[in-house]
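A.B. asks: My structure is below; once you've seen it, I'll send some questions.
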Amino acid sequence: MKTIVIYRSKTGFTEKYAQLISKALSCQCLEYKASKNIDLTSYDYVIYGGSLYASGILGLKKMLSQMDFNLNKELLIFAVGTTPPSDGLIATLTEHNLSPELQKHAKLFYMRGGFNYNKLNFFDKFLMNIMKKTIQKKPESERTADERGMLAAFDRPLDVSNERFIEPLISYYKEVTHHDE
Ligand SMILES: Cc1cc2nc3c(=O)[nH]c(=O)nc-3n(C[C@H](O)[C@H](O)[C@H](O)COP(=O)(O)O)c2cc1C
């Protein structure tokens with residue numbers, strides 16, 4: 001079974017999960033740019049990971065358009081964000097990121113990462129400051145736990161990543177690859 005993990009990450013959380021997954025599956029792991037010249041048709045399974053920015057999976061569209069996926073294969077995708085996992089989150093992210101055609105061939109997983117303001121680029125810092133101001137305008141009693149956590153994370157990096165988040169993807173992979181044997 002030839003499998004590869006490809007990822008895009010801005011501040012390191014998705015990269016960490018990509019490496020954990022490749023270690024667990026003993027397969028190759030490449031950052032998106034380094035994977036550009038690779039012939040993906042020679043792989044049985046491609047696992048793509050990208051962090052969430054405004055609900056979009058970083059680099060997914062580019063990856064799909066540039067890499068000419070053979071959609072007879074299954075694509076496993078993992079999204080990494082700060083939002084706490086909840087019922088319906090995967091369905092919402094799937095709806096937002098995967099076309100109906102892609103949904104037939106791809107399975108989406110969610111892993112919780114964290115937030116590191118100091119590592120963000122200028123544009124993301126700008127966006128986050130707009131969000132910060134919007135939250136701050138709300139009376140404290142009306143702020144959600146997520147929003148309160150977000151405000152706190154501006155002063156101190158937040159890391160809510162956990163190795164256990166890779167488990168559903170690993171189990172699913174083992175199940176489907178077992179069927180292939
Ligand atoms: C501008 C901006 C938008 C974001 N939008 C989302 C989002 O829609 N959902 C979410 O769960 N996390 C969101 N995040 C948080 C990142 O997904 C989170 O920090 C993630 O762990 C970053 O992973 P990376 O270091 O691999 O890029 C956002 C962060 C920034 C800076």
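Labeling convention for the structure tokens: chains A, B, ... as they appear, residues from 1 per chain, ligands from 1 in order of appearance.
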Just want the 10 Å neighbourhood of Tyr45 of chain A, counted on only C-alpha atoms, with same-chain residues fewer than 2 positions away dropped. Output as an MDAnalysis selection string.

C.D. replies: chainID A and resid 1:5 40:43 47:48 73:76 173 177

A.B. asks: Kindly save the residues from that selection, with N, CA and C atoms included, as a short mmCIF file (atom, residue, chain, number, x, y, z; two decimals), in the first residue's frame.

C.D. replies:
data_model
loop_
_atom_site.label_atom_id
_atom_site.label_comp_id
_atom_site.auth_asym_id
_atom_site.auth_seq_id
_atom_site.Cartn_x
_atom_site.Cartn_y
_atom_site.Cartn_z
N MET A 1 0.84 -1.20 0.00
CA MET A 1 0.00 0.00 0.00
C MET A 1 0.88 1.25 0.00
N LYS A 2 0.73 2.08 -1.04
CA LYS A 2 1.56 3.28 -1.11
C LYS A 2 0.71 4.50 -0.73
N THR A 3 1.10 5.12 0.35
CA THR A 3 0.31 6.23 0.90
C THR A 3 1.20 7.44 1.16
N ILE A 4 0.65 8.62 0.97
CA ILE A 4 1.44 9.83 1.25
C ILE A 4 0.57 10.84 2.02
N VAL A 5 1.20 11.54 2.95
CA VAL A 5 0.53 12.63 3.66
C VAL A 5 1.10 13.94 3.11
N LEU A 40 1.18 11.79 -8.18
CA LEU A 40 0.29 11.22 -7.17
C LEU A 40 -0.47 9.99 -7.67
N THR A 41 -0.48 9.80 -8.98
CA THR A 41 -1.20 8.63 -9.50
C THR A 41 -0.51 7.33 -9.06
N SER A 42 0.75 7.45 -8.63
CA SER A 42 1.45 6.24 -8.21
C SER A 42 1.12 5.86 -6.75
N TYR A 43 0.29 6.69 -6.09
CA TYR A 43 -0.07 6.38 -4.69
C TYR A 43 -1.47 5.77 -4.62
N ILE A 47 -3.45 11.46 1.72
CA ILE A 47 -4.06 12.09 2.90
C ILE A 47 -3.64 13.55 2.87
N TYR A 48 -4.60 14.46 2.79
CA TYR A 48 -4.26 15.88 2.72
C TYR A 48 -4.74 16.61 3.98
N LYS A 73 -9.67 7.05 -6.72
CA LYS A 73 -9.04 6.75 -5.44
C LYS A 73 -9.74 7.53 -4.36
N GLU A 74 -9.55 7.08 -3.15
CA GLU A 74 -10.15 7.83 -2.06
C GLU A 74 -9.14 8.82 -1.50
N LEU A 75 -9.64 9.99 -1.19
CA LEU A 75 -8.80 11.03 -0.60
C LEU A 75 -9.25 11.21 0.85
N LEU A 76 -8.30 11.16 1.75
CA LEU A 76 -8.61 11.43 3.16
C LEU A 76 -8.13 12.84 3.46
N TYR A 173 -8.59 4.67 8.02
CA TYR A 173 -7.59 4.25 7.04
C TYR A 173 -7.36 2.74 7.14
N THR A 177 -8.13 0.22 4.08
CA THR A 177 -7.00 -0.45 3.44
C THR A 177 -7.07 -1.95 3.71
#

A.B. asks: Kindly compile the residues surrounding ligand 1 within 6 Å, counting only C-alpha atoms and all ligand atoms, and format them as number ranges by chain.

C.D. replies: A: 9-15, 51-55, 80-83, 113-115, 124, 127-128

A.B. asks: As number ranges by chain, list the residues of chain A assigned to strand (DSSP E) by DSSP on the backbone atoms of this structure.

C.D. replies: A: 3-8, 28-31, 45-53, 56-57, 75-81, 106-112, 114-115, 158-159

A.B. asks: Include N, CA and C atoms and write out the residues we just selected as an mmCIF file, in the first residue's frame.

C.D. replies:
data_model
loop_
_atom_site.group_PDB
_atom_site.id
_atom_site.type_symbol
_atom_site.label_atom_id
_atom_site.label_comp_id
_atom_site.auth_asym_id
_atom_site.auth_seq_id
_atom_site.Cartn_x
_atom_site.Cartn_y
_atom_site.Cartn_z
ATOM 1 N N THR A 3 1.096 5.118 0.354
ATOM 2 C CA THR A 3 0.308 6.229 0.902
ATOM 3 C C THR A 3 1.204 7.435 1.163
ATOM 4 N N ILE A 4 0.654 8.621 0.969
ATOM 5 C CA ILE A 4 1.436 9.828 1.251
ATOM 6 C C ILE A 4 0.575 10.844 2.019
ATOM 7 N N VAL A 5 1.203 11.542 2.948
ATOM 8 C CA VAL A 5 0.527 12.632 3.662
ATOM 9 C C VAL A 5 1.096 13.938 3.114
ATOM 10 N N ILE A 6 0.204 14.828 2.685
ATOM 11 C CA ILE A 6 0.621 16.146 2.189
ATOM 12 C C ILE A 6 -0.108 17.188 3.036
ATOM 13 N N TYR A 7 0.590 18.264 3.378
ATOM 14 C CA TYR A 7 -0.062 19.232 4.267
ATOM 15 C C TYR A 7 0.329 20.662 3.940
ATOM 16 N N ARG A 8 -0.522 21.565 4.406
ATOM 17 C CA ARG A 8 -0.169 22.991 4.417
ATOM 18 C C ARG A 8 -0.501 23.530 5.792
ATOM 19 N N GLN A 28 5.185 8.255 3.766
ATOM 20 C CA GLN A 28 5.862 9.504 3.446
ATOM 21 C C GLN A 28 5.017 10.724 3.860
ATOM 22 N N CYS A 29 5.703 11.820 4.174
ATOM 23 C CA CYS A 29 5.001 13.040 4.562
ATOM 24 C C CYS A 29 5.692 14.235 3.909
ATOM 25 N N LEU A 30 4.943 15.028 3.164
ATOM 26 C CA LEU A 30 5.562 16.177 2.480
ATOM 27 C C LEU A 30 4.741 17.431 2.642
ATOM 28 N N GLU A 31 5.428 18.550 2.758
ATOM 29 C CA GLU A 31 4.752 19.840 2.735
ATOM 30 C C GLU A 31 4.285 20.044 1.294
ATOM 31 N N TYR A 45 -3.258 5.838 -1.702
ATOM 32 C CA TYR A 45 -4.022 6.741 -0.838
ATOM 33 C C TYR A 45 -3.277 8.044 -0.645
ATOM 34 N N VAL A 46 -4.021 9.142 -0.757
ATOM 35 C CA VAL A 46 -3.446 10.452 -0.461
ATOM 36 C C VAL A 46 -4.211 11.016 0.736
ATOM 37 N N ILE A 47 -3.450 11.460 1.722
ATOM 38 C CA ILE A 47 -4.062 12.091 2.901
ATOM 39 C C ILE A 47 -3.639 13.552 2.867
ATOM 40 N N TYR A 48 -4.603 14.460 2.791
ATOM 41 C CA TYR A 48 -4.265 15.881 2.720
ATOM 42 C C TYR A 48 -4.736 16.609 3.982
ATOM 43 N N GLY A 49 -3.838 17.399 4.559
ATOM 44 C CA GLY A 49 -4.197 18.166 5.754
ATOM 45 C C GLY A 49 -3.978 19.650 5.538
ATOM 46 N N GLY A 50 -4.933 20.451 5.985
ATOM 47 C CA GLY A 50 -4.780 21.900 5.891
ATOM 48 C C GLY A 50 -5.502 22.565 7.044
ATOM 49 N N SER A 51 -4.968 23.685 7.505
ATOM 50 C CA SER A 51 -5.634 24.371 8.612
ATOM 51 C C SER A 51 -6.813 25.184 8.106
ATOM 52 N N LEU A 52 -7.684 25.527 9.038
ATOM 53 C CA LEU A 52 -8.907 26.262 8.688
ATOM 54 C C LEU A 52 -8.687 27.760 8.783
ATOM 55 N N TYR A 53 -9.019 28.438 7.719
ATOM 56 C CA TYR A 53 -8.989 29.897 7.736
ATOM 57 C C TYR A 53 -10.312 30.366 7.164
ATOM 58 N N GLY A 56 -12.365 27.695 5.523
ATOM 59 C CA GLY A 56 -11.813 27.044 4.333
ATOM 60 C C GLY A 56 -10.557 26.249 4.689
ATOM 61 N N ILE A 57 -10.394 25.096 4.052
ATOM 62 C CA ILE A 57 -9.210 24.266 4.324
ATOM 63 C C ILE A 57 -8.054 24.788 3.477
ATOM 64 N N LEU A 75 -9.643 9.992 -1.189
ATOM 65 C CA LEU A 75 -8.803 11.025 -0.599
ATOM 66 C C LEU A 75 -9.249 11.213 0.854
ATOM 67 N N LEU A 76 -8.304 11.163 1.752
ATOM 68 C CA LEU A 76 -8.613 11.425 3.160
ATOM 69 C C LEU A 76 -8.129 12.839 3.460
ATOM 70 N N ILE A 77 -9.005 13.651 4.020
ATOM 71 C CA ILE A 77 -8.648 15.047 4.258
ATOM 72 C C ILE A 77 -8.787 15.336 5.752
ATOM 73 N N PHE A 78 -7.818 16.042 6.326
ATOM 74 C CA PHE A 78 -8.026 16.492 7.706
ATOM 75 C C PHE A 78 -7.869 18.000 7.788
ATOM 76 N N ALA A 79 -8.809 18.601 8.534
ATOM 77 C CA ALA A 79 -8.815 20.047 8.722
ATOM 78 C C ALA A 79 -8.415 20.319 10.170
ATOM 79 N N VAL A 80 -7.620 21.352 10.372
ATOM 80 C CA VAL A 80 -7.147 21.681 11.727
ATOM 81 C C VAL A 80 -7.571 23.108 12.071
ATOM 82 N N GLY A 81 -8.246 23.253 13.201
ATOM 83 C CA GLY A 81 -8.693 24.587 13.610
ATOM 84 C C GLY A 81 -8.778 24.711 15.111
ATOM 85 N N ALA A 106 -14.067 11.493 -1.077
ATOM 86 C CA ALA A 106 -13.223 12.007 0.007
ATOM 87 C C ALA A 106 -13.920 11.897 1.351
ATOM 88 N N LYS A 107 -13.107 11.717 2.366
ATOM 89 C CA LYS A 107 -13.654 11.637 3.720
ATOM 90 C C LYS A 107 -12.912 12.688 4.542
ATOM 91 N N LEU A 108 -13.681 13.470 5.284
ATOM 92 C CA LEU A 108 -13.091 14.590 6.025
ATOM 93 C C LEU A 108 -13.022 14.320 7.531
ATOM 94 N N PHE A 109 -11.912 14.707 8.132
ATOM 95 C CA PHE A 109 -11.708 14.573 9.585
ATOM 96 C C PHE A 109 -11.345 15.945 10.149
ATOM 97 N N TYR A 110 -11.603 16.118 11.441
ATOM 98 C CA TYR A 110 -11.261 17.396 12.077
ATOM 99 C C TYR A 110 -10.339 17.143 13.270
ATOM 100 N N MET A 111 -9.299 17.950 13.366
ATOM 101 C CA MET A 111 -8.361 17.849 14.494
ATOM 102 C C MET A 111 -8.168 19.235 15.081
ATOM 103 N N ARG A 112 -8.192 19.313 16.392
ATOM 104 C CA ARG A 112 -8.082 20.633 17.015
ATOM 105 C C ARG A 112 -6.625 21.054 17.145
ATOM 106 N N GLY A 114 -4.630 24.987 17.572
ATOM 107 C CA GLY A 114 -4.379 26.015 18.566
ATOM 108 C C GLY A 114 -4.297 27.357 17.893
ATOM 109 N N PHE A 115 -3.710 28.289 18.576
ATOM 110 C CA PHE A 115 -3.629 29.637 18.018
ATOM 111 C C PHE A 115 -2.358 30.301 18.504
ATOM 112 N N LEU A 158 -2.175 29.464 22.437
ATOM 113 C CA LEU A 158 -3.091 28.405 22.847
ATOM 114 C C LEU A 158 -2.739 27.135 22.078
ATOM 115 N N ASP A 159 -2.556 26.041 22.785
ATOM 116 C CA ASP A 159 -2.292 24.765 22.117
ATOM 117 C C ASP A 159 -3.250 23.716 22.663
#

A.B. asks: Using only C-alpha atoms, can you tell me which of A:Ser86, A:Asp44, A:Phe122, A:Ser141 comes closest to Val176 of chain A?

C.D. replies: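 Of A:Ser86, A:Asp44, A:Phe122, A:Ser141, the one nearest Val176 of chain A, counting only C-alpha atoms, is A:Asp44.
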
A.B. asks: Between atom CA of Pro85 of chain A and atom CA of Glu167 of chain A, what is the distance, to one decimal in Å?

C.D. replies: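 Calculated distance between atom CA of Pro85 of chain A and atom CA of Glu167 of chain A is 14.0 Å.
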
A.B. asks: Return the single residue from A:Arg164, A:Met131, A:Cys27, A:Asn118 that is closest to Arg148 of chain A, with distances computed using only C-alpha atoms.

C.D. replies: A:Met131

A.B. asks: For a test of reading the model, state the distance in Å between atom CA of Ile90 of chain A and atom CA of Asn121 of chain A, rounded to one decimal.

C.D. replies: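 Atom-to-atom, atom CA of Ile90 of chain A and atom CA of Asn121 of chain A are spaced 27.2 Å apart.
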
A.B. asks: Mind the document's chain letters and residue numbers, and return as a list in words the residues of segment 70-126 of chain A that DSSP labels helix (DSSP H, G or I).

C.D. replies: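 DSSP-assigned helix (DSSP H, G or I) residues in segment 70-126 of chain A: Leu89, Ile90, Ala91, Thr92, Leu93, Thr94, Glu95, His96, Asn97, Pro100, Glu101, Leu102, Gln103, Tyr117, Asn118, Lys119, Phe122, Phe123, Asp124, Lys125 and Phe126 of chain A.
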
A.B. asks: Take the residues from that selection and write them out as a JSON list (two decimals), in the first residue's frame, keeping C-alpha atoms.

C.D. replies:
[["chain", "number", "residue", "atom", "x", "y", "z"],
["A", 89, "LEU", "CA", -18.96, 20.30, 12.53],
["A", 90, "ILE", "CA", -17.72, 17.71, 10.02],
["A", 91, "ALA", "CA", -20.93, 18.04, 8.00],
["A", 92, "THR", "CA", -20.61, 21.85, 7.95],
["A", 93, "LEU", "CA", -16.95, 21.71, 6.91],
["A", 94, "THR", "CA", -17.69, 19.08, 4.27],
["A", 95, "GLU", "CA", -20.46, 21.22, 2.82],
["A", 96, "HIS", "CA", -18.20, 24.28, 2.79],
["A", 97, "ASN", "CA", -15.07, 22.66, 1.34],
["A", 100, "PRO", "CA", -20.73, 17.01, -4.24],
["A", 101, "GLU", "CA", -18.46, 15.15, -6.70],
["A", 102, "LEU", "CA", -15.50, 15.25, -4.33],
["A", 103, "GLN", "CA", -17.70, 14.13, -1.44],
["A", 117, "TYR", "CA", -0.77, 35.15, 17.18],
["A", 118, "ASN", "CA", 2.96, 35.90, 17.06],
["A", 119, "LYS", "CA", 3.52, 33.37, 14.26],
["A", 122, "PHE", "CA", 0.72, 40.46, 8.61],
["A", 123, "PHE", "CA", -2.60, 39.84, 6.84],
["A", 124, "ASP", "CA", -3.79, 37.20, 9.31],
["A", 125, "LYS", "CA", -2.81, 39.45, 12.22],
["A", 126, "PHE", "CA", -4.90, 42.19, 10.62]]

A.B. asks: A:Tyr17, A:Lys36, A:Ser26, A:Phe165: which is nearest Met63 of chain A, counting only C-alpha atoms?

C.D. replies: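 Closest to Met63 of chain A, using only C-alpha atoms: A:Lys36.
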
A.B. asks: For a test of reading the model, state the distance in Å between atom CA of Asp146 of chain A and atom CA of Ile166 of chain A, rounded to one decimal.

C.D. replies: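 Interatomic distance, atom CA of Asp146 of chain A to atom CA of Ile166 of chain A: 22.0 Å.
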
A.B. asks: Mind checking which residues fall within 12 Å of Leu151 of chain A, counting only C-alpha atoms, ignoring those fewer than 6 positions away in the same chain, and posting them as a list in words?

C.D. replies: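 The residues that qualify are Phe115, Asn116, Tyr117, Met128, Asn129, Ile130, Met131, Lys132, Lys133, Thr134, Ile135, Gln136, Lys137, Glu140, Arg143, Thr144, Ala145, Pro157 and Leu158 of chain A.
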